[in-house]
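As provided, structure01.cif (mmCIF, C-alpha atoms) reads as follows.
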```
data_protein
#
loop_
_atom_site.label_atom_id
_atom_site.label_comp_id
_atom_site.auth_asym_id
_atom_site.auth_seq_id
_atom_site.Cartn_x
_atom_site.Cartn_y
_atom_site.Cartn_z
CA MET A 9 64.66 -18.81 -30.19
CA THR A 10 61.73 -16.78 -29.02
CA VAL A 11 59.91 -14.75 -31.63
CA ARG A 12 59.67 -11.05 -30.88
CA ILE A 13 56.40 -9.35 -31.80
CA GLY A 14 56.00 -5.56 -31.66
CA ILE A 15 52.94 -3.99 -30.04
CA VAL A 16 52.32 -0.49 -31.36
CA LEU A 17 51.47 1.92 -28.55
CA PHE A 18 49.55 5.09 -29.38
CA PRO A 19 48.32 7.67 -26.89
CA GLY A 20 44.92 6.15 -26.11
CA SER A 21 45.79 2.51 -26.73
CA ASN A 22 44.36 0.52 -23.83
CA ARG A 23 44.54 -3.13 -24.83
CA ASP A 24 48.32 -3.17 -25.02
CA ILE A 25 48.67 -5.11 -21.77
CA ASP A 26 46.16 -7.70 -22.99
CA ALA A 27 48.26 -7.96 -26.15
CA VAL A 28 51.42 -8.44 -24.06
CA ASN A 29 49.73 -11.21 -22.13
CA GLY A 30 48.22 -12.85 -25.20
CA LEU A 31 51.57 -12.93 -26.96
CA ARG A 32 53.33 -14.34 -23.88
CA VAL A 33 50.75 -17.10 -23.55
CA ALA A 34 51.29 -17.81 -27.24
CA GLY A 35 55.01 -18.20 -26.58
CA ALA A 36 56.27 -14.93 -28.07
CA GLU A 37 58.27 -12.10 -26.60
CA PRO A 38 56.32 -8.82 -26.77
CA GLU A 39 58.10 -5.57 -27.54
CA ILE A 40 56.36 -2.21 -27.09
CA LEU A 41 56.79 0.13 -30.08
CA TRP A 42 56.23 3.82 -29.35
CA HIS A 43 54.09 5.76 -31.84
CA GLU A 44 56.66 8.51 -32.34
CA SER A 45 59.44 6.13 -33.26
CA VAL A 46 60.13 4.72 -36.71
CA ASP A 47 62.40 2.05 -35.18
CA LEU A 48 60.64 -1.31 -35.15
CA ALA A 49 63.45 -2.83 -33.05
CA GLY A 50 63.89 -5.73 -35.45
CA VAL A 51 60.62 -7.46 -34.54
CA ALA A 52 59.38 -10.34 -36.69
CA GLY A 53 55.69 -9.43 -36.50
CA ILE A 54 53.45 -6.55 -35.45
CA LEU A 55 50.26 -6.39 -33.43
CA ILE A 56 48.27 -3.15 -33.32
CA PRO A 57 46.16 -3.35 -30.17
CA GLY A 58 42.75 -2.00 -29.26
CA GLY A 59 41.87 1.24 -27.55
CA PHE A 60 41.11 4.76 -28.66
CA ALA A 61 44.26 5.96 -30.41
CA TYR A 62 44.45 9.75 -30.26
CA GLY A 63 41.04 9.73 -28.60
CA ASP A 64 39.43 8.50 -31.83
CA TYR A 65 39.26 12.20 -32.76
CA LEU A 66 37.87 12.94 -36.22
CA ARG A 67 37.42 9.22 -37.06
CA ALA A 68 38.60 6.12 -35.28
CA GLY A 69 42.14 5.35 -36.39
CA VAL A 70 42.71 8.27 -38.73
CA ILE A 71 45.13 10.39 -36.66
CA ALA A 72 47.13 7.27 -35.77
CA ARG A 73 47.50 6.56 -39.45
CA PHE A 74 49.75 9.62 -39.82
CA SER A 75 52.00 8.84 -36.87
CA PRO A 76 55.70 8.07 -37.52
CA VAL A 77 55.42 4.45 -36.40
CA MET A 78 52.77 3.76 -39.03
CA ARG A 79 55.17 4.74 -41.81
CA ALA A 80 57.49 2.05 -40.48
CA VAL A 81 54.59 -0.42 -40.17
CA ALA A 82 53.53 0.25 -43.78
CA ASP A 83 57.10 -0.38 -44.90
CA PHE A 84 57.26 -3.57 -42.81
CA ALA A 85 54.00 -4.73 -44.42
CA ALA A 86 55.31 -3.93 -47.90
CA ARG A 87 58.30 -6.19 -47.19
CA GLY A 88 55.89 -9.03 -46.43
CA GLY A 89 56.04 -8.98 -42.62
CA PRO A 90 52.93 -10.11 -40.74
CA VAL A 91 50.74 -7.37 -39.22
CA LEU A 92 47.56 -8.00 -37.19
CA GLY A 93 45.25 -5.17 -36.11
CA ILE A 94 42.74 -5.86 -33.36
CA CYS A 95 39.67 -3.63 -32.82
CA ASN A 96 41.07 -0.07 -32.87
CA GLY A 97 44.12 -1.59 -34.56
CA PHE A 98 41.82 -2.84 -37.34
CA GLN A 99 40.41 0.69 -37.67
CA VAL A 100 43.93 2.11 -37.91
CA LEU A 101 44.87 -0.40 -40.64
CA ALA A 102 41.67 0.38 -42.57
CA GLU A 103 42.29 4.14 -42.38
CA ALA A 104 45.87 3.52 -43.52
CA LYS A 105 44.47 1.51 -46.46
CA LEU A 106 46.59 -1.47 -45.44
CA VAL A 107 43.42 -3.59 -45.40
CA PRO A 108 40.32 -2.97 -47.54
CA GLY A 109 37.10 -1.35 -46.33
CA ALA A 110 36.06 0.95 -43.50
CA LEU A 111 34.51 0.60 -40.03
CA LEU A 112 31.31 2.58 -39.58
CA ARG A 113 29.45 3.41 -36.41
CA ASN A 114 27.61 0.38 -35.07
CA ARG A 115 24.22 0.01 -36.72
CA GLY A 116 22.52 0.04 -33.33
CA LEU A 117 24.44 3.22 -32.39
CA ARG A 118 25.55 1.77 -29.07
CA PHE A 119 28.98 0.78 -27.89
CA VAL A 120 28.79 -3.01 -27.75
CA CYS A 121 30.77 -4.96 -25.16
CA ARG A 122 29.96 -8.67 -25.05
CA GLN A 123 30.96 -12.16 -26.09
CA VAL A 124 30.45 -13.01 -29.74
CA THR A 125 30.82 -16.17 -31.79
CA LEU A 126 33.26 -16.06 -34.63
CA LEU A 127 33.63 -18.45 -37.55
CA PRO A 128 37.03 -18.66 -39.20
CA GLU A 129 36.43 -18.63 -42.93
CA ARG A 130 39.64 -20.49 -43.77
CA LEU A 131 42.43 -22.20 -41.91
CA ASP A 132 45.27 -21.72 -44.39
CA SER A 133 45.97 -18.02 -43.80
CA PRO A 134 48.86 -16.56 -41.77
CA PHE A 135 46.34 -15.50 -39.11
CA THR A 136 44.23 -18.66 -38.83
CA ARG A 137 46.72 -21.48 -39.48
CA GLU A 138 46.98 -22.49 -35.81
CA ILE A 139 43.23 -22.58 -35.11
CA GLY A 140 43.25 -26.27 -36.02
CA GLU A 141 39.69 -26.95 -37.10
CA ARG A 142 36.85 -24.87 -38.41
CA ARG A 143 34.72 -24.41 -35.33
CA PRO A 144 32.90 -21.48 -33.69
CA LEU A 145 35.21 -19.36 -31.53
CA ARG A 146 34.01 -17.41 -28.49
CA MET A 147 35.65 -14.09 -27.68
CA PRO A 148 34.65 -10.56 -26.68
CA VAL A 149 34.01 -7.44 -28.73
CA ALA A 150 34.14 -3.92 -27.28
CA HIS A 151 33.63 -1.15 -29.80
CA GLY A 152 31.41 1.65 -31.03
CA GLU A 153 32.58 1.73 -34.66
CA GLY A 154 32.86 -1.83 -35.88
CA CYS A 155 30.34 -2.05 -38.69
CA TYR A 156 32.41 -3.36 -41.58
CA TYR A 157 31.66 -1.58 -44.83
CA ALA A 158 32.89 -1.78 -48.40
CA ASP A 159 30.88 -1.32 -51.59
CA GLU A 160 29.28 -4.40 -53.15
CA ALA A 161 31.93 -4.77 -55.86
CA THR A 162 34.73 -4.66 -53.30
CA LEU A 163 32.92 -7.18 -51.08
CA ASP A 164 32.40 -9.54 -54.02
CA GLU A 165 36.04 -9.26 -55.00
CA LEU A 166 37.13 -9.76 -51.38
CA GLU A 167 35.07 -12.94 -51.13
CA ARG A 168 36.28 -14.29 -54.47
CA ASP A 169 39.84 -13.66 -53.40
CA GLY A 170 39.40 -15.36 -50.01
CA GLY A 171 40.02 -12.06 -48.20
CA VAL A 172 37.38 -12.60 -45.52
CA LEU A 173 39.03 -14.40 -42.60
CA TRP A 174 36.33 -14.31 -39.91
CA ARG A 175 32.55 -13.83 -39.73
CA TYR A 176 30.12 -13.38 -36.87
CA ALA A 177 27.92 -16.40 -36.28
CA ASN A 178 24.45 -16.92 -34.85
CA PRO A 179 23.86 -19.39 -32.01
CA ASP A 180 22.84 -22.02 -34.59
CA GLY A 181 26.19 -21.67 -36.35
CA SER A 182 24.92 -19.78 -39.38
CA VAL A 183 26.63 -16.59 -40.57
CA ALA A 184 25.13 -13.57 -38.80
CA GLY A 185 23.83 -11.03 -41.34
CA PRO A 186 23.66 -7.31 -40.52
CA ASP A 187 20.40 -7.57 -38.57
CA ASP A 188 20.95 -10.97 -36.94
CA PRO A 189 21.45 -11.31 -33.17
CA GLY A 190 24.91 -12.81 -33.61
CA ASN A 191 26.14 -9.70 -35.41
CA PRO A 192 27.14 -7.06 -32.83
CA ASN A 193 27.47 -4.07 -35.13
CA GLY A 194 25.63 -4.59 -38.42
CA SER A 195 28.66 -5.56 -40.48
CA GLU A 196 27.93 -6.39 -44.10
CA ARG A 197 27.82 -10.16 -44.75
CA GLY A 198 28.74 -10.79 -41.12
CA ILE A 199 32.34 -9.79 -41.76
CA ALA A 200 34.38 -9.56 -38.56
CA GLY A 201 37.86 -9.50 -40.07
CA VAL A 202 39.64 -9.32 -43.41
CA ARG A 203 43.11 -9.46 -44.86
CA ASN A 204 44.90 -7.47 -47.58
CA ALA A 205 45.46 -8.77 -51.11
CA ALA A 206 49.01 -9.92 -50.35
CA GLY A 207 47.72 -11.85 -47.34
CA ASN A 208 50.22 -10.63 -44.73
CA VAL A 209 48.10 -7.88 -43.12
CA ALA A 210 44.82 -8.61 -41.35
CA GLY A 211 42.41 -6.88 -39.01
CA LEU A 212 39.45 -7.99 -36.91
CA MET A 213 37.11 -6.29 -34.45
CA PRO A 214 36.83 -9.06 -31.80
CA HIS A 215 39.57 -9.54 -29.21
CA PRO A 216 41.43 -12.86 -29.55
CA GLU A 217 44.22 -11.53 -27.29
CA THR A 218 41.84 -11.39 -24.32
CA ALA A 219 40.56 -14.92 -24.93
CA VAL A 220 43.74 -16.90 -24.35
CA GLU A 221 43.03 -18.56 -21.00
CA ALA A 222 40.15 -20.93 -20.26
CA LEU A 223 40.31 -19.84 -16.62
CA ILE A 224 38.86 -16.44 -17.49
CA GLY A 225 36.20 -17.62 -19.90
CA SER A 226 37.71 -18.71 -23.20
CA ASP A 227 40.97 -19.61 -24.87
CA ASP A 228 39.43 -19.63 -28.34
CA GLY A 229 41.51 -16.60 -29.34
CA LEU A 230 44.81 -18.31 -28.73
CA GLY A 231 44.84 -19.98 -32.16
CA ILE A 232 44.74 -16.57 -33.84
CA ILE A 233 47.54 -15.10 -31.71
CA ARG A 234 49.58 -18.25 -32.14
CA SER A 235 49.06 -18.02 -35.90
CA LEU A 236 50.60 -14.55 -35.88
CA VAL A 237 53.55 -15.84 -33.85
CA VAL A 238 54.13 -18.84 -36.13
CA SER A 239 53.86 -16.65 -39.24
CA ALA A 240 56.31 -14.14 -37.74
CA ALA A 241 58.79 -16.95 -37.01
CA GLU A 242 58.42 -18.24 -40.56
CA TRP A 243 58.93 -14.76 -42.00
CA ARG A 244 62.01 -14.24 -39.87
CA GLN A 245 63.52 -17.55 -41.01
CA THR A 246 62.56 -17.71 -44.68
CA GLY A 247 61.60 -14.16 -45.68
CA ARG A 248 58.09 -15.18 -46.66
CA ILE A 249 54.93 -16.62 -45.14
CA THR A 250 52.94 -19.60 -46.40
CA GLY A 251 49.67 -18.42 -47.91
CA THR A 252 50.87 -14.96 -48.91
CA ARG A 253 51.80 -13.66 -52.33
CA ASP A 254 53.82 -10.81 -53.72
CA VAL A 255 51.12 -8.54 -55.09
CA ALA A 256 53.51 -5.73 -56.03
CA ALA A 257 55.66 -8.10 -58.08
CA ALA A 258 52.57 -9.67 -59.70
CA GLY A 259 51.28 -6.19 -60.57
CA ALA A 260 54.67 -5.16 -61.93
CA ALA A 261 54.78 -8.33 -64.06
CA VAL A 262 51.36 -7.56 -65.52
CA ALA A 263 52.36 -3.95 -66.20
CA GLY A 264 55.59 -5.21 -67.79
CA ASP A 265 53.63 -7.54 -70.08
CA ALA A 266 51.41 -4.68 -71.13
CA ALA A 267 54.42 -2.51 -71.93
CA MET B 28 57.58 34.18 -46.12
CA SER B 29 55.98 36.96 -48.16
CA GLU B 30 54.25 34.49 -50.50
CA LEU B 31 52.35 33.17 -47.48
CA SER B 32 51.34 36.61 -46.25
CA ARG B 33 47.71 36.20 -47.26
CA ALA B 34 45.27 33.98 -45.44
CA TYR B 35 41.93 32.50 -46.36
CA ARG B 36 39.22 30.96 -44.24
CA PHE B 37 37.37 27.84 -45.33
CA ALA B 38 34.77 25.46 -44.00
CA VAL B 39 34.79 21.79 -44.91
CA ASN B 40 31.47 19.98 -44.54
CA VAL B 41 31.84 16.22 -44.27
CA THR B 42 28.75 14.01 -44.60
CA PRO B 43 28.11 10.29 -45.09
CA LYS B 44 27.99 9.38 -48.76
CA PRO B 45 24.53 8.76 -50.23
CA GLY B 46 23.48 5.19 -49.52
CA ILE B 47 25.82 4.78 -46.55
CA LEU B 48 23.94 3.87 -43.43
CA ASP B 49 23.86 6.81 -41.01
CA PRO B 50 22.49 5.56 -37.70
CA GLN B 51 23.01 8.99 -36.09
CA GLY B 52 20.82 10.63 -38.72
CA LYS B 53 18.23 7.89 -38.23
CA ALA B 54 18.22 8.44 -34.46
CA VAL B 55 17.74 12.18 -34.87
CA GLU B 56 14.94 11.58 -37.35
CA ARG B 57 13.18 9.16 -35.02
CA SER B 58 13.34 11.62 -32.15
CA LEU B 59 11.55 14.40 -34.03
CA PRO B 60 8.01 13.10 -33.46
CA HIS B 61 8.68 13.40 -29.72
CA LEU B 62 9.13 17.13 -30.33
CA GLY B 63 5.83 17.20 -32.13
CA ILE B 64 7.58 17.76 -35.47
CA ALA B 65 6.36 15.82 -38.49
CA GLY B 66 7.38 15.68 -42.12
CA VAL B 67 11.18 15.80 -41.67
CA THR B 68 13.10 13.13 -43.53
CA GLY B 69 16.54 12.49 -44.95
CA VAL B 70 18.47 13.55 -41.84
CA ARG B 71 22.21 12.99 -42.32
CA VAL B 72 24.70 13.83 -39.58
CA GLY B 73 28.22 14.94 -40.51
CA ARG B 74 30.81 17.34 -39.24
CA ARG B 75 32.01 20.81 -40.12
CA VAL B 76 35.64 21.83 -39.88
CA GLU B 77 36.68 25.48 -40.21
CA LEU B 78 40.26 26.44 -40.89
CA THR B 79 42.54 29.25 -42.07
CA VAL B 80 45.18 28.65 -44.73
CA ALA B 81 48.12 30.96 -45.37
CA ALA B 82 48.98 30.95 -49.07
CA ALA B 83 50.00 33.13 -52.00
CA ASP B 84 46.44 33.36 -53.31
CA GLU B 85 43.02 31.84 -52.87
CA ALA B 86 43.50 29.14 -55.52
CA ALA B 87 46.63 27.89 -53.77
CA ALA B 88 44.84 27.91 -50.42
CA ARG B 89 41.90 26.05 -51.91
CA ALA B 90 44.22 23.36 -53.28
CA VAL B 91 45.59 22.79 -49.77
CA VAL B 92 42.07 22.47 -48.37
CA ASP B 93 40.95 20.03 -51.07
CA HIS B 94 44.00 17.89 -50.37
CA LEU B 95 43.62 17.73 -46.60
CA ALA B 96 39.85 17.28 -46.83
CA GLY B 97 40.32 14.20 -49.01
CA GLU B 98 43.28 12.78 -47.09
CA LEU B 99 42.41 13.48 -43.48
CA LEU B 100 39.04 15.12 -42.81
CA SER B 101 37.03 12.57 -44.79
CA ASN B 102 37.32 8.90 -45.66
CA PRO B 103 36.28 8.70 -49.32
CA LEU B 104 35.03 5.13 -48.80
CA MET B 105 32.18 6.34 -46.63
CA GLU B 106 32.12 10.14 -46.65
CA GLN B 107 31.93 13.05 -49.06
CA PHE B 108 33.04 16.62 -48.45
CA ALA B 109 32.14 20.07 -49.73
CA VAL B 110 34.37 23.10 -49.29
CA GLU B 111 32.90 26.51 -48.49
CA THR B 112 34.99 29.61 -49.08
CA LEU B 113 34.58 32.05 -46.22
CA GLY B 114 36.85 34.74 -47.69
CA GLU B 115 40.17 36.37 -47.04
CA THR B 116 41.06 36.92 -43.44
CA GLU B 117 43.79 38.55 -41.47
CA ALA B 118 46.97 36.52 -41.68
CA PRO B 119 47.89 35.11 -38.28
CA ALA B 120 51.08 36.62 -36.82
CA VAL B 121 52.85 33.29 -37.22
CA ALA B 122 51.63 32.61 -40.76
CA GLY B 123 53.70 29.98 -42.47
CA VAL B 124 55.46 28.87 -39.32
CA GLY B 125 55.20 25.39 -37.94
CA GLY B 126 53.57 23.85 -40.99
#
```
Now that the file is in, can you turn its structure into structure tokens?
Amino acid sequence: MTVRIGIVLFPGSNRDIDAVNGLRVAGAEPEILWHESVDLAGVAGILIPGGFAYGDYLRAGVIARFSPVMRAVADFAARGGPVLGICNGFQVLAEAKLVPGALLRNRGLRFVCRQVTLLPERLDSPFTREIGERRPLRMPVAHGEGCYYADEATLDELERDGGVLWRYANPDGSVAGPDDPGNPNGSERGIAGVRNAAGNVAGLMPHPETAVEALIGSDDGLGIIRSLVVSAAEWRQTGRITGTRDVAAAGAAVAGDAA
Amino acid sequence: MSELSRAYRFAVNVTPKPGILDPQGKAVERSLPHLGIAGVTGVRVGRRVELTVAAADEAAARAVVDHLAGELLSNPLMEQFAVETLGETEAPAVAGVGG
């Protein structure tokens, strides 16, 4: 049976058609979810696409965070369902506090639209499991506010916990620090994408959904989209995803021990 | 309805937290020498939001502003905010409606 993945559509989303195509190439059935609806139509996974939701007014992603559909997405995430935010979708997830950190204005101030090289940090997460091997991936970025920021303590904790999923790389394959040429926006520690503590929600600035066909430049993004699809299928069938954990239950257990 | 018959005007100033990179501020600072201006440092660019709150009294209005400034107008990870009280103002004709 085909896996249905929801694509959240805000006023100002503009990568939704790329997401539709990426999901189709990955073998899934895309389903558009309107921002004013709280009905997720029974999808098994969610992709929040790129664009400029609500014109990026105030801060990128913040108005979208308060839309009805995001209440449903937060609930879906709390139940363990897989959610992937790409570019503006990452900004929305960060503003909604569904993934850690914030996206600041690019260090160089300019909107950056070009190919970057991405290194998957690990291959055992719900969003990297289908990549196959740890190799540099080529795909585009297109954003003005993509500079990943969290305070040092949060970054250290994120790294210890394996929460960094992708980093920008230099041409020689090394991780691209904030001022390196391979880093398009000045992100701390070269971070291009992260996941939440439970492991079922992730966001990244580059666009894997537009790099799914070698004919138009690269299909290096396909492994990421396929990972989402496989994780959604697993969640639909078993109610959980390999590589995730129930943080709420773990927290409740700790609190229970203390009491 | 009557408890919302007063209205208060506020300004919320949102700026990048100390230590957070502010490339806009840097760009402004770097442009100043072209104007022949020297000796200006520490430029930080933020935003100012002015709004009117209908409430029973100023303390209640201020509580609303503090809440929305922290939840919506600023992202506490990267920004700080300061609230300015601009004083009581005429209640809009539709005070309390549509909130």
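Candidate residues B:Phe37, B:Glu106, B:Ala88, B:Ser58 were compared for distance to chain A, and the nearest is B:Glu106, using all atoms listed in the file.
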Output check: residues returned by the PyMOL selection byres ((chain B) within 9 of (chain A)), as a count of residues only: 13
Applied to this file, what does the PyMOL selection byres ((chain A and resi 50) around 12) return in terms of residues, put as a short mmCIF file (atom, residue, chain, number, x, y, z; two decimals) with C-alpha atoms, in the coordinates of the input?
```cif
data_model
loop_
_atom_site.label_atom_id
_atom_site.label_comp_id
_atom_site.auth_asym_id
_atom_site.auth_seq_id
_atom_site.Cartn_x
_atom_site.Cartn_y
_atom_site.Cartn_z
CA VAL A 11 59.91 -14.75 -31.63
CA ARG A 12 59.67 -11.05 -30.88
CA ILE A 13 56.40 -9.35 -31.80
CA GLY A 14 56.00 -5.56 -31.66
CA PRO A 38 56.32 -8.82 -26.77
CA GLU A 39 58.10 -5.57 -27.54
CA ILE A 40 56.36 -2.21 -27.09
CA LEU A 41 56.79 0.13 -30.08
CA VAL A 46 60.13 4.72 -36.71
CA ASP A 47 62.40 2.05 -35.18
CA LEU A 48 60.64 -1.31 -35.15
CA ALA A 49 63.45 -2.83 -33.05
CA VAL A 51 60.62 -7.46 -34.54
CA ALA A 52 59.38 -10.34 -36.69
CA GLY A 53 55.69 -9.43 -36.50
CA ILE A 54 53.45 -6.55 -35.45
CA ALA A 80 57.49 2.05 -40.48
CA VAL A 81 54.59 -0.42 -40.17
CA PHE A 84 57.26 -3.57 -42.81
CA GLY A 89 56.04 -8.98 -42.62
CA ALA A 240 56.31 -14.14 -37.74
CA ARG A 244 62.01 -14.24 -39.87
#
```
Test item: which residues lie within 12 Å of (57.8, -18.6, -44.2) counting all atoms listed in the file, as a compact mmCIF listing (two decimals) with C-alpha atoms, in the coordinates of the input:
```txt
# COMPACT_ATOMS: atom_id res chain seq x y z
CA ALA A 52 59.38 -10.34 -36.69
CA GLY A 88 55.89 -9.03 -46.43
CA GLY A 89 56.04 -8.98 -42.62
CA PRO A 90 52.93 -10.11 -40.74
CA SER A 133 45.97 -18.02 -43.80
CA PRO A 134 48.86 -16.56 -41.77
CA ASN A 208 50.22 -10.63 -44.73
CA LEU A 236 50.60 -14.55 -35.88
CA VAL A 237 53.55 -15.84 -33.85
CA VAL A 238 54.13 -18.84 -36.13
CA SER A 239 53.86 -16.65 -39.24
CA ALA A 240 56.31 -14.14 -37.74
CA ALA A 241 58.79 -16.95 -37.01
CA GLU A 242 58.42 -18.24 -40.56
CA TRP A 243 58.93 -14.76 -42.00
CA ARG A 244 62.01 -14.24 -39.87
CA GLN A 245 63.52 -17.55 -41.01
CA THR A 246 62.56 -17.71 -44.68
CA GLY A 247 61.60 -14.16 -45.68
CA ARG A 248 58.09 -15.18 -46.66
CA ILE A 249 54.93 -16.62 -45.14
CA THR A 250 52.94 -19.60 -46.40
CA GLY A 251 49.67 -18.42 -47.91
CA THR A 252 50.87 -14.96 -48.91
CA ARG A 253 51.80 -13.66 -52.33
```
Protein and nucleic acid residues near (36.8, 18.3, -44.7) (cut-off 10 Å, all atoms listed in the file) as a list of chain:residue names: B:Phe37, B:Ala38, B:Val39, B:Asn40, B:Val41, B:Thr42, B:Arg74, B:Arg75, B:Val76, B:Glu77, B:Leu78, B:Val92, B:Asp93, B:His94, B:Leu95, B:Ala96, B:Gly97, B:Glu98, B:Leu99, B:Leu100, B:Ser101, B:Asn102, B:Glu106, B:Gln107, B:Phe108, B:Ala109, B:Val110, B:Glu111
Chain and number of each residue from the PyMOL selection byres ((chain A and resi 205) around 10), as a PyMOL selection string: chain A and resi 106-108+166+169-171+202-204+206-210+252-256
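Across the structure, atom CA of Leu145 of chain A and atom CA of Ala219 of chain A are spaced 9.6 Å apart.
You will find atom CA of Arg175 of chain A at 11.9 Å from atom CA of Arg142 of chain A.
Shortest atom-to-atom contact with Tyr65 of chain A among A:Gly225, A:Pro189, A:Gly30, A:Gly20: A:Gly20, counting all atoms listed in the file.
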Nearby residues (only C-alpha atoms) at most 10 Å from Gly69 of chain B, same-chain spacing under 4 positions excluded, as a ChimeraX atom specification: /B:52-53,56
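Nearest to Ile15 of chain A of all the residues A:Glu37, A:Ile56, A:Phe98, A:Glu141 is A:Ile56, based on all atoms listed in the file.
From atom CA of Leu127 of chain A back to atom CA of Val172 of chain A, the distance works out to 10.6 Å.
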Give the centre and edge lengths of an axis-aligned box, in Å to one decimal, that holds all listed atoms of segment 83-97 of chain A with 4 Å on each side, as AutoDock Vina command-line options.
```
--center_x 49.0 --center_y -5.1 --center_z -40.4 --size_x 26.6 --size_y 18.0 --size_z 23.1
```
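Distance annotation: of A:Arg130, A:Arg146, A:His151, A:Arg79, the residue with the minimal separation from Glu217 of chain A is A:Arg146; atom set is only C-alpha atoms.
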Excluding Ser182 of chain A and residues on its chain fewer than 3 positions from it, collect all residues at most 12 Å away from it, counting all atoms listed in the file, and give them as a PDB file with C-alpha atoms, keeping the file's coordinate frame.
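Listed below is the output, result05.pdb:
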```pdb
ATOM      1  CA  THR A 125      30.820 -16.170 -31.790  1.00  0.00           C
ATOM      2  CA  LEU A 126      33.260 -16.060 -34.630  1.00  0.00           C
ATOM      3  CA  LEU A 127      33.630 -18.450 -37.550  1.00  0.00           C
ATOM      4  CA  ARG A 143      34.720 -24.410 -35.330  1.00  0.00           C
ATOM      5  CA  PRO A 144      32.900 -21.480 -33.690  1.00  0.00           C
ATOM      6  CA  ARG A 175      32.550 -13.830 -39.730  1.00  0.00           C
ATOM      7  CA  TYR A 176      30.120 -13.380 -36.870  1.00  0.00           C
ATOM      8  CA  ALA A 177      27.920 -16.400 -36.280  1.00  0.00           C
ATOM      9  CA  ASN A 178      24.450 -16.920 -34.850  1.00  0.00           C
ATOM     10  CA  PRO A 179      23.860 -19.390 -32.010  1.00  0.00           C
ATOM     11  CA  GLY A 185      23.830 -11.030 -41.340  1.00  0.00           C
ATOM     12  CA  ASP A 188      20.950 -10.970 -36.940  1.00  0.00           C
ATOM     13  CA  PRO A 189      21.450 -11.310 -33.170  1.00  0.00           C
ATOM     14  CA  GLY A 190      24.910 -12.810 -33.610  1.00  0.00           C
ATOM     15  CA  ASN A 191      26.140  -9.700 -35.410  1.00  0.00           C
ATOM     16  CA  ARG A 197      27.820 -10.160 -44.750  1.00  0.00           C
ATOM     17  CA  GLY A 198      28.740 -10.790 -41.120  1.00  0.00           C
TER      18      GLY A 198
END
```
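Proximity ranking of B:Val55, B:Ala86, B:Pro43, B:Glu115 relative to Val67 of chain B places B:Val55 first, based on only C-alpha atoms.
Among the candidate residues B:Pro103, B:Gly114, B:Gly63, B:Pro119, the one lying nearest to Ala81 of chain B is B:Pro119, with distances computed using all atoms listed in the file.
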